[in-house]
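Visitor: This is start.cif (mmCIF, C-alpha atoms).
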```
data_run
loop_
_atom_site.label_atom_id
_atom_site.label_comp_id
_atom_site.auth_asym_id
_atom_site.auth_seq_id
_atom_site.Cartn_x
_atom_site.Cartn_y
_atom_site.Cartn_z
CA MET V 1 -221.43 -32.33 7.42
CA THR V 2 -220.74 -30.86 10.87
CA ASP V 3 -221.95 -27.37 11.68
CA THR V 4 -218.34 -26.16 11.80
CA ARG V 5 -217.54 -27.43 8.34
CA ARG V 6 -220.89 -26.31 6.92
CA ASN V 7 -220.46 -22.78 8.26
CA TYR V 8 -216.86 -22.57 7.07
CA VAL V 9 -217.84 -23.61 3.53
CA THR V 10 -220.97 -21.46 3.27
CA LEU V 11 -219.40 -18.33 4.74
CA SER V 12 -216.31 -18.77 2.55
CA ALA V 13 -218.60 -18.94 -0.49
CA PHE V 14 -220.54 -15.94 0.85
CA LEU V 15 -217.42 -13.77 1.09
CA PHE V 16 -216.21 -15.03 -2.30
CA CYS V 17 -219.43 -13.81 -3.95
CA PHE V 18 -219.57 -10.54 -2.01
CA PHE V 19 -216.03 -9.51 -2.87
CA PHE V 20 -216.57 -10.61 -6.48
CA ALA V 21 -219.45 -8.12 -6.57
CA GLN V 22 -217.36 -5.47 -4.80
CA ALA V 23 -214.59 -5.82 -7.38
CA MET V 24 -217.04 -5.55 -10.26
CA THR V 25 -218.49 -2.30 -8.90
CA MET V 26 -215.69 -0.57 -6.98
CA SER V 27 -212.25 -1.55 -8.33
CA LEU V 28 -212.58 0.54 -11.51
CA LEU V 29 -214.85 3.20 -10.03
CA SER V 30 -212.35 6.04 -10.49
CA ILE V 31 -211.85 5.10 -14.15
CA TRP V 32 -215.63 4.91 -14.68
CA LEU V 33 -216.16 8.32 -13.08
CA THR V 34 -213.39 10.07 -15.01
CA ARG V 35 -213.51 8.38 -18.41
CA SER V 36 -217.09 7.22 -18.84
CA LEU V 37 -218.79 10.12 -17.03
CA GLY V 38 -216.12 12.78 -17.72
CA LEU V 39 -215.57 13.98 -14.12
CA ASN V 40 -212.38 15.84 -13.24
CA GLY V 41 -210.22 15.19 -10.16
CA VAL V 42 -212.19 17.49 -7.86
CA GLU V 43 -215.54 16.10 -9.00
CA ALA V 44 -214.37 12.50 -8.60
CA GLY V 45 -213.04 13.40 -5.16
CA THR V 46 -216.45 14.82 -4.27
CA VAL V 47 -218.11 11.55 -5.28
CA PHE V 48 -215.65 9.53 -3.19
CA SER V 49 -216.24 11.89 -0.28
CA ALA V 50 -219.99 11.31 -0.55
CA ASN V 51 -219.42 7.55 -0.57
CA PHE V 52 -217.59 7.75 2.72
CA ILE V 53 -220.11 10.12 4.27
CA GLY V 54 -222.77 7.51 3.43
CA ALA V 55 -220.62 4.81 4.99
CA MET V 56 -219.94 7.01 7.98
CA CYS V 57 -223.65 7.32 8.67
CA ALA V 58 -224.13 3.55 8.47
CA GLN V 59 -221.08 2.32 10.38
CA PRO V 60 -222.03 3.15 14.00
CA LEU V 61 -225.46 1.69 13.34
CA TYR V 62 -223.95 -1.45 11.81
CA GLY V 63 -221.65 -1.84 14.81
CA TYR V 64 -224.41 -1.42 17.37
CA VAL V 65 -226.86 -3.68 15.50
CA SER V 66 -224.17 -6.33 14.96
CA ASP V 67 -223.36 -6.47 18.66
CA ARG V 68 -227.08 -6.51 19.54
CA MET V 69 -228.02 -9.18 16.99
CA GLY V 70 -225.11 -11.49 17.83
CA PHE V 71 -225.32 -14.54 15.57
CA ARG V 72 -228.62 -13.69 13.89
CA LYS V 73 -228.32 -13.18 10.12
CA VAL V 74 -230.03 -9.78 9.98
CA VAL V 75 -227.01 -7.73 8.88
CA PRO V 76 -225.61 -10.13 6.22
CA LEU V 77 -229.09 -10.62 4.77
CA GLY V 78 -229.62 -6.87 4.46
CA VAL V 79 -226.27 -6.39 2.74
CA ALA V 80 -226.96 -9.28 0.36
CA LEU V 81 -230.26 -7.76 -0.75
CA LEU V 82 -228.55 -4.43 -1.46
CA VAL V 83 -225.87 -6.14 -3.58
CA VAL V 84 -228.60 -7.70 -5.74
CA LEU V 85 -229.70 -4.17 -6.74
CA SER V 86 -226.24 -3.02 -7.92
CA GLY V 87 -226.69 -3.56 -11.66
CA LEU V 88 -229.94 -1.61 -11.78
CA PHE V 89 -228.60 1.09 -9.49
CA PHE V 90 -225.40 1.87 -11.42
CA SER V 91 -227.00 1.76 -14.86
CA PHE V 92 -230.37 3.39 -14.29
CA VAL V 93 -229.96 5.54 -11.18
CA TYR V 94 -226.35 6.48 -10.40
CA ALA V 95 -225.00 7.34 -13.86
CA PRO V 96 -228.04 9.40 -14.93
CA LEU V 97 -228.08 11.31 -11.65
CA LEU V 98 -224.35 12.14 -11.84
CA ARG V 99 -224.78 13.43 -15.39
CA TRP V 100 -227.79 15.52 -14.39
CA ASN V 101 -226.57 16.92 -11.06
CA LEU V 102 -223.26 16.02 -9.45
CA VAL V 103 -224.32 16.84 -5.89
CA ILE V 104 -227.57 14.88 -5.98
CA GLY V 105 -225.95 11.96 -7.80
CA ALA V 106 -223.05 11.87 -5.34
CA ALA V 107 -225.44 11.98 -2.37
CA VAL V 108 -227.65 9.15 -3.62
CA GLY V 109 -224.67 7.08 -4.75
CA GLY V 110 -222.83 7.74 -1.52
CA LEU V 111 -225.74 6.41 0.49
CA TYR V 112 -226.01 3.22 -1.56
CA LEU V 113 -222.30 2.48 -2.02
CA GLY V 114 -221.42 3.50 1.51
CA VAL V 115 -224.02 1.25 3.09
CA THR V 116 -223.52 -1.68 0.69
CA PHE V 117 -219.88 -2.01 -0.31
CA ILE V 118 -217.94 0.11 2.19
CA ALA V 119 -219.63 -0.13 5.59
CA GLY V 120 -221.28 -3.38 4.49
CA SER V 121 -217.96 -5.13 3.92
CA TYR V 122 -216.77 -4.24 7.42
CA ALA V 123 -220.02 -5.46 8.95
CA LEU V 124 -219.85 -8.78 7.08
CA GLU V 125 -216.27 -9.42 8.08
CA SER V 126 -217.01 -8.66 11.71
CA TYR V 127 -219.96 -11.09 11.59
CA VAL V 128 -217.89 -13.85 9.98
CA ASP V 129 -215.15 -13.40 12.57
CA ARG V 130 -217.74 -13.73 15.34
CA VAL V 131 -219.07 -16.99 13.84
CA GLY V 132 -215.55 -18.34 13.28
CA ARG V 133 -214.63 -17.90 16.92
CA ARG V 134 -217.74 -19.75 18.05
CA TYR V 135 -217.31 -22.66 15.63
CA GLY V 136 -213.54 -22.97 15.83
CA PHE V 137 -212.20 -21.88 12.45
CA GLU V 138 -209.67 -19.11 11.78
CA TYR V 139 -211.20 -15.98 10.30
CA SER V 140 -208.34 -15.41 7.88
CA ARG V 141 -208.96 -18.84 6.34
CA VAL V 142 -212.46 -17.66 5.41
CA ARG V 143 -211.30 -14.18 4.42
CA LEU V 144 -208.83 -15.53 1.87
CA TRP V 145 -211.83 -16.76 -0.15
CA GLY V 146 -213.03 -13.18 -0.23
CA SER V 147 -209.68 -12.20 -1.72
CA LEU V 148 -210.00 -14.96 -4.29
CA GLY V 149 -213.47 -13.70 -5.20
CA PHE V 150 -212.11 -10.20 -5.72
CA ALA V 151 -209.22 -11.59 -7.76
CA SER V 152 -211.53 -13.69 -9.92
CA ALA V 153 -213.50 -10.58 -10.84
CA ALA V 154 -210.42 -8.39 -11.29
CA MET V 155 -209.00 -10.93 -13.74
CA PHE V 156 -211.45 -9.85 -16.44
CA SER V 157 -213.13 -6.69 -15.08
CA GLY V 158 -210.78 -4.42 -17.06
CA ARG V 159 -211.58 -6.09 -20.39
CA LEU V 160 -215.31 -6.12 -19.66
CA TYR V 161 -215.12 -2.43 -18.77
CA ASN V 162 -213.64 -1.71 -22.20
CA VAL V 163 -216.66 -3.47 -23.78
CA ASP V 164 -219.38 -1.97 -21.55
CA PRO V 165 -219.15 -1.05 -17.83
CA GLY V 166 -222.77 -2.16 -17.45
CA ILE V 167 -221.67 -5.78 -17.85
CA ASN V 168 -219.57 -5.46 -14.68
CA PHE V 169 -222.46 -3.99 -12.72
CA PHE V 170 -224.96 -6.68 -13.68
CA LEU V 171 -222.43 -9.44 -12.92
CA ALA V 172 -222.27 -7.91 -9.44
CA SER V 173 -226.04 -8.33 -9.16
CA ALA V 174 -225.73 -11.96 -10.25
CA ALA V 175 -223.17 -12.54 -7.50
CA GLY V 176 -225.58 -10.88 -5.07
CA LEU V 177 -228.26 -13.42 -5.96
CA LEU V 178 -225.85 -16.22 -4.97
CA LEU V 179 -225.38 -14.66 -1.53
CA LEU V 180 -228.91 -15.52 -0.50
CA PRO V 181 -228.73 -19.35 -0.75
CA MET V 182 -225.25 -19.33 0.80
CA LEU V 183 -226.61 -17.50 3.83
CA ALA V 184 -229.64 -19.79 4.02
CA LEU V 185 -227.41 -22.89 4.06
CA ALA V 186 -225.32 -21.66 7.01
CA ARG V 187 -226.36 -23.37 10.26
CA ILE V 188 -225.58 -20.79 12.92
CA ALA V 189 -227.21 -21.28 16.31
CA PRO V 190 -228.64 -18.12 17.91
CA ASP V 191 -227.29 -16.72 21.17
CA ALA V 192 -228.24 -18.57 24.33
CA GLY V 193 -231.01 -16.54 25.99
CA GLN V 194 -229.41 -15.95 29.38
CA GLN V 195 -225.96 -15.25 28.00
CA ALA V 196 -227.33 -12.97 25.29
CA ALA V 197 -229.26 -10.98 27.91
CA SER V 198 -226.23 -10.60 30.17
CA ASP V 199 -224.03 -9.42 27.27
CA ARG V 200 -226.63 -7.21 25.65
CA LEU V 201 -225.11 -3.95 24.57
CA THR V 202 -226.72 -0.63 25.41
CA PRO V 203 -226.09 2.74 23.71
CA ARG V 204 -224.41 3.93 26.92
CA ASP V 205 -221.98 1.00 26.74
CA SER V 206 -221.07 1.94 23.17
CA MET V 207 -220.56 5.61 24.04
CA ALA V 208 -218.29 4.64 26.94
CA LEU V 209 -215.69 3.54 24.39
CA LEU V 210 -215.07 7.19 23.54
CA GLY V 211 -213.72 7.75 27.04
CA GLN V 212 -211.06 5.05 26.82
CA PRO V 213 -207.48 6.29 26.13
CA LYS V 214 -206.66 3.00 24.37
CA PHE V 215 -209.40 3.70 21.84
CA TRP V 216 -207.98 7.10 20.93
CA GLY V 217 -204.44 5.74 20.84
CA PHE V 218 -205.62 3.20 18.29
CA MET V 219 -207.29 5.99 16.32
CA VAL V 220 -203.98 7.80 15.79
CA LEU V 221 -202.94 5.03 13.44
CA ILE V 222 -206.38 4.61 11.86
CA LEU V 223 -207.17 8.30 11.32
CA GLY V 224 -203.62 9.05 10.26
CA VAL V 225 -201.72 6.45 8.28
CA THR V 226 -204.47 4.17 7.00
CA ASN V 227 -206.78 7.07 6.06
CA LEU V 228 -204.03 8.75 4.05
CA TYR V 229 -203.29 5.43 2.39
CA LEU V 230 -206.92 5.04 1.35
CA VAL V 231 -206.95 8.56 -0.07
CA TYR V 232 -203.89 7.65 -2.12
CA ASP V 233 -205.48 4.40 -3.28
CA GLN V 234 -208.81 5.91 -4.39
CA GLN V 235 -207.66 7.36 -7.71
CA PHE V 236 -204.60 5.14 -8.08
CA PRO V 237 -206.24 3.09 -10.90
CA PHE V 238 -206.54 6.27 -13.01
CA TYR V 239 -202.88 7.19 -12.43
CA PHE V 240 -201.79 3.59 -13.03
CA SER V 241 -203.55 3.41 -16.39
CA SER V 242 -202.09 6.79 -17.44
CA LEU V 243 -198.59 5.28 -17.49
CA PHE V 244 -199.53 2.87 -20.28
CA PRO V 245 -199.58 3.61 -24.04
CA THR V 246 -203.40 3.82 -24.11
CA PRO V 247 -206.04 4.15 -21.39
CA GLN V 248 -207.64 0.92 -22.60
CA ALA V 249 -204.37 -0.99 -22.22
CA GLY V 250 -203.92 0.52 -18.75
CA ALA V 251 -207.43 -0.47 -17.64
CA ALA V 252 -206.96 -4.04 -18.87
CA MET V 253 -203.51 -4.33 -17.26
CA PHE V 254 -204.82 -2.96 -13.97
CA GLY V 255 -207.40 -5.74 -13.96
CA TYR V 256 -204.76 -8.41 -14.62
CA LEU V 257 -202.34 -7.03 -12.04
CA ASN V 258 -205.12 -6.58 -9.50
CA SER V 259 -205.98 -10.23 -9.95
CA ALA V 260 -202.36 -11.36 -9.52
CA GLN V 261 -201.93 -9.14 -6.48
CA ILE V 262 -205.01 -10.53 -4.80
CA PHE V 263 -204.02 -14.16 -5.42
CA VAL V 264 -200.74 -13.39 -3.64
CA GLU V 265 -202.74 -11.58 -0.97
CA ALA V 266 -204.89 -14.70 -0.44
CA GLY V 267 -201.74 -16.69 0.31
CA GLY V 268 -200.72 -13.94 2.69
CA MET V 269 -204.04 -14.28 4.51
CA PHE V 270 -203.09 -17.88 5.20
CA LEU V 271 -199.59 -17.05 6.46
CA ALA V 272 -200.07 -13.69 8.19
CA PRO V 273 -201.58 -15.10 11.43
CA PHE V 274 -198.33 -16.96 12.11
CA LEU V 275 -196.28 -13.77 11.69
CA VAL V 276 -198.59 -11.59 13.77
CA ARG V 277 -198.76 -14.15 16.58
CA ARG V 278 -194.98 -14.19 16.63
CA ILE V 279 -194.37 -10.41 16.67
CA GLY V 280 -197.60 -9.24 18.34
CA ALA V 281 -200.47 -7.23 16.91
CA THR V 282 -198.96 -3.80 17.65
CA ARG V 283 -195.76 -4.53 15.75
CA GLY V 284 -197.88 -6.08 13.03
CA LEU V 285 -199.77 -2.80 12.67
CA MET V 286 -196.56 -0.82 12.51
CA LEU V 287 -194.97 -3.15 9.95
CA ALA V 288 -198.02 -3.08 7.67
CA THR V 289 -198.33 0.70 7.78
CA ALA V 290 -194.60 1.12 7.08
CA ILE V 291 -195.10 -0.86 3.86
CA MET V 292 -198.07 1.40 3.04
CA ILE V 293 -195.89 4.50 3.29
CA LEU V 294 -193.24 2.83 1.12
CA ARG V 295 -195.86 2.12 -1.54
CA ILE V 296 -197.18 5.70 -1.53
CA ALA V 297 -193.71 7.25 -1.87
CA GLY V 298 -192.68 4.62 -4.42
CA SER V 299 -195.67 5.48 -6.60
CA GLY V 300 -194.46 9.08 -6.69
CA LEU V 301 -191.08 7.87 -7.93
CA ALA V 302 -192.50 5.41 -10.49
CA THR V 303 -191.62 6.25 -14.10
CA GLY V 304 -193.43 3.59 -16.12
CA PRO V 305 -195.55 0.43 -16.18
CA LEU V 306 -192.93 -1.79 -14.52
CA THR V 307 -192.22 0.38 -11.48
CA ILE V 308 -195.85 1.33 -10.87
CA SER V 309 -196.78 -2.36 -11.08
CA ALA V 310 -194.15 -3.19 -8.46
CA CYS V 311 -195.69 -0.56 -6.15
CA LYS V 312 -199.12 -2.09 -6.72
CA MET V 313 -197.86 -5.54 -5.67
CA LEU V 314 -196.72 -4.20 -2.29
CA HIS V 315 -200.40 -4.13 -1.38
CA ALA V 316 -200.38 -7.95 -1.39
CA ILE V 317 -197.75 -7.94 1.39
CA GLU V 318 -199.09 -5.16 3.57
CA LEU V 319 -202.78 -5.99 3.49
CA PRO V 320 -202.79 -9.47 5.11
CA ILE V 321 -200.54 -8.26 7.94
CA LEU V 322 -202.76 -5.27 8.60
CA ALA V 323 -205.90 -7.37 8.29
CA VAL V 324 -204.75 -9.88 10.88
CA SER V 325 -203.30 -7.28 13.23
CA ILE V 326 -206.34 -5.03 13.54
CA PHE V 327 -208.78 -7.56 14.97
CA ARG V 328 -206.10 -9.20 17.12
CA TYR V 329 -205.28 -5.78 18.56
CA ILE V 330 -208.98 -5.22 19.28
CA ALA V 331 -209.25 -8.67 20.87
CA TRP V 332 -206.39 -7.94 23.27
CA HIS V 333 -207.35 -4.43 24.32
CA PHE V 334 -211.18 -4.23 24.33
CA GLU V 335 -214.07 -6.19 25.79
CA PRO V 336 -215.33 -8.95 23.45
CA ARG V 337 -218.92 -7.69 23.47
CA HIS V 338 -217.67 -4.32 22.17
CA ALA V 339 -215.61 -5.82 19.35
CA ALA V 340 -217.96 -5.05 16.46
CA THR V 341 -218.62 -1.55 17.78
CA VAL V 342 -214.89 -0.81 18.18
CA TYR V 343 -214.27 -2.02 14.66
CA MET V 344 -217.25 -0.31 13.01
CA VAL V 345 -216.89 2.97 14.91
CA GLY V 346 -213.10 3.07 15.28
CA VAL V 347 -211.83 1.56 12.06
CA SER V 348 -214.71 1.81 9.62
CA PHE V 349 -216.25 5.10 10.83
CA GLY V 350 -212.78 6.55 11.36
CA HIS V 351 -211.87 5.76 7.77
CA SER V 352 -215.05 7.27 6.41
CA LEU V 353 -214.75 10.45 8.47
CA GLY V 354 -211.17 11.02 7.37
CA LEU V 355 -211.84 10.19 3.74
CA ALA V 356 -214.93 12.39 3.57
CA ILE V 357 -212.69 15.31 4.54
CA LEU V 358 -209.54 14.36 2.63
CA SER V 359 -210.92 13.08 -0.68
CA PRO V 360 -211.84 16.49 -2.14
CA LEU V 361 -208.51 17.93 -0.96
CA ALA V 362 -206.61 15.11 -2.64
CA GLY V 363 -208.63 15.57 -5.84
CA LYS V 364 -207.79 19.29 -5.87
CA SER V 365 -204.12 18.50 -5.27
CA TYR V 366 -204.08 16.03 -8.18
CA ASP V 367 -205.42 18.75 -10.47
CA LEU V 368 -203.02 21.44 -9.20
CA ILE V 369 -199.66 19.70 -8.69
CA GLY V 370 -200.15 16.26 -10.25
CA PHE V 371 -200.27 12.74 -8.89
CA GLN V 372 -196.56 12.31 -8.16
CA ASN V 373 -196.14 15.43 -6.02
CA THR V 374 -199.38 14.67 -4.22
CA TYR V 375 -198.11 11.19 -3.41
CA PHE V 376 -194.96 12.66 -1.84
CA LEU V 377 -197.11 14.95 0.35
CA ILE V 378 -199.35 12.08 1.42
CA ALA V 379 -196.32 9.92 2.28
CA ALA V 380 -194.79 12.73 4.37
CA PHE V 381 -197.96 13.26 6.41
CA ALA V 382 -198.40 9.50 6.84
CA LEU V 383 -194.85 9.21 8.18
CA VAL V 384 -195.62 11.80 10.88
CA PHE V 385 -198.65 9.80 12.06
CA TRP V 386 -196.65 6.56 11.86
CA ILE V 387 -194.03 7.94 14.24
CA ALA V 388 -196.75 9.19 16.60
CA SER V 389 -198.34 5.73 16.58
CA TRP V 390 -195.25 4.22 18.20
CA PHE V 391 -196.17 6.18 21.33
CA ALA V 392 -199.97 6.06 21.02
CA LEU V 393 -200.62 2.33 20.51
CA SER V 394 -200.78 0.00 23.50
CA PRO V 395 -198.19 -2.81 23.55
CA THR V 396 -199.38 -6.25 22.50
CA PRO V 397 -197.14 -9.22 23.37
CA PRO V 398 -196.46 -12.13 21.02
CA GLU V 399 -199.15 -14.78 21.35
CA VAL V 400 -198.77 -18.43 22.26
CA ALA V 401 -202.55 -18.85 22.28
CA ASP V 402 -205.66 -16.89 21.38
CA PRO V 403 -206.00 -13.46 23.00
CA PRO V 404 -207.40 -13.91 26.52
CA MET V 405 -210.52 -11.86 25.82
CA ALA V 406 -211.29 -13.87 22.70
CA ALA V 407 -210.52 -17.32 24.08
CA GLY V 408 -213.20 -19.96 24.26
CA PRO V 409 -215.53 -21.36 21.64
CA VAL V 410 -218.78 -19.77 22.84
CA ASP V 411 -220.08 -16.31 21.96
CA PRO V 412 -216.88 -14.22 21.90
CA PRO V 413 -217.62 -11.47 19.35
CA GLY V 414 -214.56 -9.74 17.95
CA GLY V 415 -210.96 -10.66 17.51
CA GLY V 416 -209.56 -12.14 14.34
CA GLU V 417 -208.66 -10.44 11.14
CA VAL V 418 -210.40 -8.25 8.66
CA GLN V 419 -209.56 -6.29 5.57
CA PRO V 420 -210.19 -2.73 6.49
CA LEU V 421 -209.01 -1.46 3.11
CA GLY V 422 -210.82 -3.96 1.02
CA ALA V 423 -209.13 -6.30 -1.36
CA GLY V 424 -207.74 -4.48 -4.28
CA ARG V 425 -209.29 -1.13 -3.36
#
```
Rewrite the coordinates I just gave you, this time as structure tokens.
Guide:
Amino acid sequence: MTDTRRNYVTLSAFLFCFFFAQAMTMSLLSIWLTRSLGLNGVEAGTVFSANFIGAMCAQPLYGYVSDRMGFRKVVPLGVALLVVLSGLFFSFVYAPLLRWNLVIGAAVGGLYLGVTFIAGSYALESYVDRVGRRYGFEYSRVRLWGSLGFASAAMFSGRLYNVDPGINFFLASAAGLLLLPMLALARIAPDAGQQAASDRLTPRDSMALLGQPKFWGFMVLILGVTNLYLVYDQQFPFYFSSLFPTPQAGAAMFGYLNSAQIFVEAGGMFLAPFLVRRIGATRGLMLATAIMILRIAGSGLATGPLTISACKMLHAIELPILAVSIFRYIAWHFEPRHAATVYMVGVSFGHSLGLAILSPLAGKSYDLIGFQNTYFLIAAFALVFWIASWFALSPTPPEVADPPMAAGPVDPPGGGEVQPLGAGR
């Protein structure tokens, strides 16, 4: 087996297992918090806010370490070890702490979940994209296996939740154990000494990104539309299940629909690069975020299981386009050696910062005016940022080849596609 094929297979299996674990722990988190632990909308929003504060603390560090470590397996190994602990953490640390003291439980849980499943997923995807560009395989072809892993878990996570949520959490730990041999089997050559030294990132280099107008233009879309979309999506499983005859039926159906959506999404991961190359990454970003706004507003108009399910399936269309467009936009407009930092600080940190602020506000709004009216407000604000993004984003032409900054098979970190929202989240 050639190194290219070996790395494609092992990293595909790695993402499959990671996103399987993520689905088992995170896809029904809002239902677990509200129904199993009895939290209200504000309290659940506080927990989500803590999760993103934890991620926010980890993301700049992940970005800097990823760019410093290059092809070394330090970051994926660290994330894998944290995933192994998920069953014990949820059952014997997180749940008891949240029942005893919401603030302390949210803080401890936010640190673990933020570092492992939120910031960790971004760091893994950035690493896999880096390896793919060196060894000549398309990132989205690996990422679709991550979607399939999430879908495989979502297929039965709802039913297992109805039996005992602890089963889901310990299956996540089992998937974490499989990450370790997958990583060991990957044959990824380290950076060449001279080239690694010449491209070595310094803290000053990373901070210089904050002075670039293109970076802040990109952040208009990230801090605005995609953050509001993630706020909407956080407690969507709870609202979705409320439109069914019983909460148990809603939880089970959410799992089935989540699985179907992600299988469609995996096909989209295969096809989206062709669309984004044809229309350019900037138009790809605008198209994906327009579909996001449509889904938010449509959820406010939904009147039953059929219409809310149709809104859920829009995620399968929007996500692959957004996933492909983000890293291709970064590849065109930023230096390759800054790619992981731009992604972890701009996209991942930007999401966490916005969500840490907005999650409690959204939770309060759900309690005061209901889900539907809150969705209309979120869609209206997202539309304002979407219009502003037409002027803030830098133009990206259609591609006939790889982006010039990402071209070449040797050591070009960044570029490619990633799922900034997480499959099924």
Visitor: Report the residues retrieved by the PyMOL selection byres ((chain V and resi 11-21) around 6) from the displayed file, expressed as a list in words.
Guide: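 Here the PyMOL selection byres ((chain V and resi 11-21) around 6) matches Asn7, Tyr8, Val9, Thr10, Gln22, Ala23, Met24, Val142, Trp145, Gly146, Gly149, Phe150, Ala153, Ala172, Ala175, Leu179 and Met182 of chain V.
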Visitor: Please identify all polymer residues within 9 Å of Phe381 in chain V, counting only C-alpha atoms, omitting same-chain residues fewer than 4 positions from it, and present them as a list of chain:residue names.
Guide: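 Listing them by chain and then by number gives V:Gly224, V:Val225, V:Leu228, V:Phe376, V:Leu377, V:Phe385, V:Trp386.
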Visitor: Nearest to Thr289 in chain V: which of V:Ala151, V:Ile326, V:Leu271, V:Leu358 is it, counting all atoms listed in the file?
Guide: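 Smallest distance to Thr289 in chain V is found for V:Ile326.
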Visitor: Work out how far CA of Met313 in chain V is from CA of Ala281 in chain V, in Å to one decimal.
Guide: 22.8 Å
Visitor: Of the candidates V:Phe240, V:Ala380, V:Gly268, V:Phe263, which shows the shortest atom-to-atom distance to Ile296 in chain V, using only C-alpha atoms?
Guide: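 Closest to Ile296 in chain V of all the choices is V:Ala380.
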Visitor: Take CA of Arg283 in chain V and CA of Gln235 in chain V and report the distance between them in Å, one decimal.
Guide: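 Pair CA of Arg283 in chain V / CA of Gln235 in chain V returns 28.9 Å.
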Visitor: What residues come out when you apply the PyMOL selection byres ((chain V and resi 107) around 12) to this file, written as a PyMOL selection string?
Guide: chain V and resi 46-55+93-94+97-98+101-106+108-114
Visitor: If we count all atoms listed in the file, what is near range 74-82 of chain V at a cut-off of 10 Å, once residues fewer than 3 positions away on the same chain are taken out, given as a ChimeraX atom specification?
Guide: /V:14,17-18,62-63,65-66,69-71,85-86,89,112-113,115-117,119-121,123-125,127-128,173,175-180,183-184
Visitor: Please write the residues from the selection above to a file, keeping C-alpha atoms, as an mmCIF file, in the coordinates of the input.
Guide:
```cif
data_model
loop_
_atom_site.group_PDB
_atom_site.id
_atom_site.type_symbol
_atom_site.label_atom_id
_atom_site.label_comp_id
_atom_site.auth_asym_id
_atom_site.auth_seq_id
_atom_site.Cartn_x
_atom_site.Cartn_y
_atom_site.Cartn_z
ATOM 1 C CA PHE V 14 -220.540 -15.940 0.850
ATOM 2 C CA CYS V 17 -219.430 -13.810 -3.950
ATOM 3 C CA PHE V 18 -219.570 -10.540 -2.010
ATOM 4 C CA TYR V 62 -223.950 -1.450 11.810
ATOM 5 C CA GLY V 63 -221.650 -1.840 14.810
ATOM 6 C CA VAL V 65 -226.860 -3.680 15.500
ATOM 7 C CA SER V 66 -224.170 -6.330 14.960
ATOM 8 C CA MET V 69 -228.020 -9.180 16.990
ATOM 9 C CA GLY V 70 -225.110 -11.490 17.830
ATOM 10 C CA PHE V 71 -225.320 -14.540 15.570
ATOM 11 C CA LEU V 85 -229.700 -4.170 -6.740
ATOM 12 C CA SER V 86 -226.240 -3.020 -7.920
ATOM 13 C CA PHE V 89 -228.600 1.090 -9.490
ATOM 14 C CA TYR V 112 -226.010 3.220 -1.560
ATOM 15 C CA LEU V 113 -222.300 2.480 -2.020
ATOM 16 C CA VAL V 115 -224.020 1.250 3.090
ATOM 17 C CA THR V 116 -223.520 -1.680 0.690
ATOM 18 C CA PHE V 117 -219.880 -2.010 -0.310
ATOM 19 C CA ALA V 119 -219.630 -0.130 5.590
ATOM 20 C CA GLY V 120 -221.280 -3.380 4.490
ATOM 21 C CA SER V 121 -217.960 -5.130 3.920
ATOM 22 C CA ALA V 123 -220.020 -5.460 8.950
ATOM 23 C CA LEU V 124 -219.850 -8.780 7.080
ATOM 24 C CA GLU V 125 -216.270 -9.420 8.080
ATOM 25 C CA TYR V 127 -219.960 -11.090 11.590
ATOM 26 C CA VAL V 128 -217.890 -13.850 9.980
ATOM 27 C CA SER V 173 -226.040 -8.330 -9.160
ATOM 28 C CA ALA V 175 -223.170 -12.540 -7.500
ATOM 29 C CA GLY V 176 -225.580 -10.880 -5.070
ATOM 30 C CA LEU V 177 -228.260 -13.420 -5.960
ATOM 31 C CA LEU V 178 -225.850 -16.220 -4.970
ATOM 32 C CA LEU V 179 -225.380 -14.660 -1.530
ATOM 33 C CA LEU V 180 -228.910 -15.520 -0.500
ATOM 34 C CA LEU V 183 -226.610 -17.500 3.830
ATOM 35 C CA ALA V 184 -229.640 -19.790 4.020
#
```
Visitor: Got a sec to resolve the PyMOL selection byres ((chain V and resi 28-41) around 9) on this structure and send the residues as a PyMOL selection string?
Guide: chain V and resi 23-27+42-48+95+98-99+157-158+161+165+234-238+241+251+254-255+360+362-367+425
Visitor: To one decimal in Å, tell me the separation between CA of Asn168 in chain V and CA of Phe92 in chain V.
Guide: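 Separation between CA of Asn168 in chain V and CA of Phe92 in chain V: 14.0 Å.
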Visitor: Between V:Ser147, V:Ser152, V:Asn227, V:Ser325, which has the minimum distance to Leu353 in chain V (counting all atoms listed in the file)?
Guide: V:Asn227
Visitor: With distances taken over all atoms listed in the file, which residue among V:Ile188, V:Ala252, V:Leu301, V:Ile321 lies nearest Gly280 in chain V?
Guide: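 Distance minimum relative to Gly280 in chain V lands on V:Ile321.
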Visitor: Could you give me, as a ChimeraX atom specification, the residues within 12 Å of Pro320 in chain V, counting all atoms listed in the file and dropping anything in the same chain fewer than 2 positions from it?
Guide: /V:139-141,143-144,147,261-276,284-285,287-289,291,314-318,322-327,416-424
Visitor: Could you list, as a PyMOL selection string, every residue within 8 Å of range 391-395 of chain V, counting only C-alpha atoms and ignoring same-chain residues fewer than 5 positions away?
Guide: chain V and resi 214+217-218+220-221+282+333
Visitor: Return the single residue from V:Gln212, V:Ser91, V:Asn373, V:Thr2 that is closest to Ala302 in chain V, with distances computed using all atoms listed in the file.
Guide: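 Ranking V:Gln212, V:Ser91, V:Asn373, V:Thr2 by distance to Ala302 in chain V, first place goes to V:Asn373.
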Visitor: Compare V:Tyr375, V:Tyr256, V:Tyr329, V:Tyr122 by their minimum atom-to-atom distance to Phe156 in chain V, counting only C-alpha atoms, and give me the closest one.
Guide: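 Looking only at the distances to Phe156 in chain V, the closest residue turns out to be V:Tyr256.
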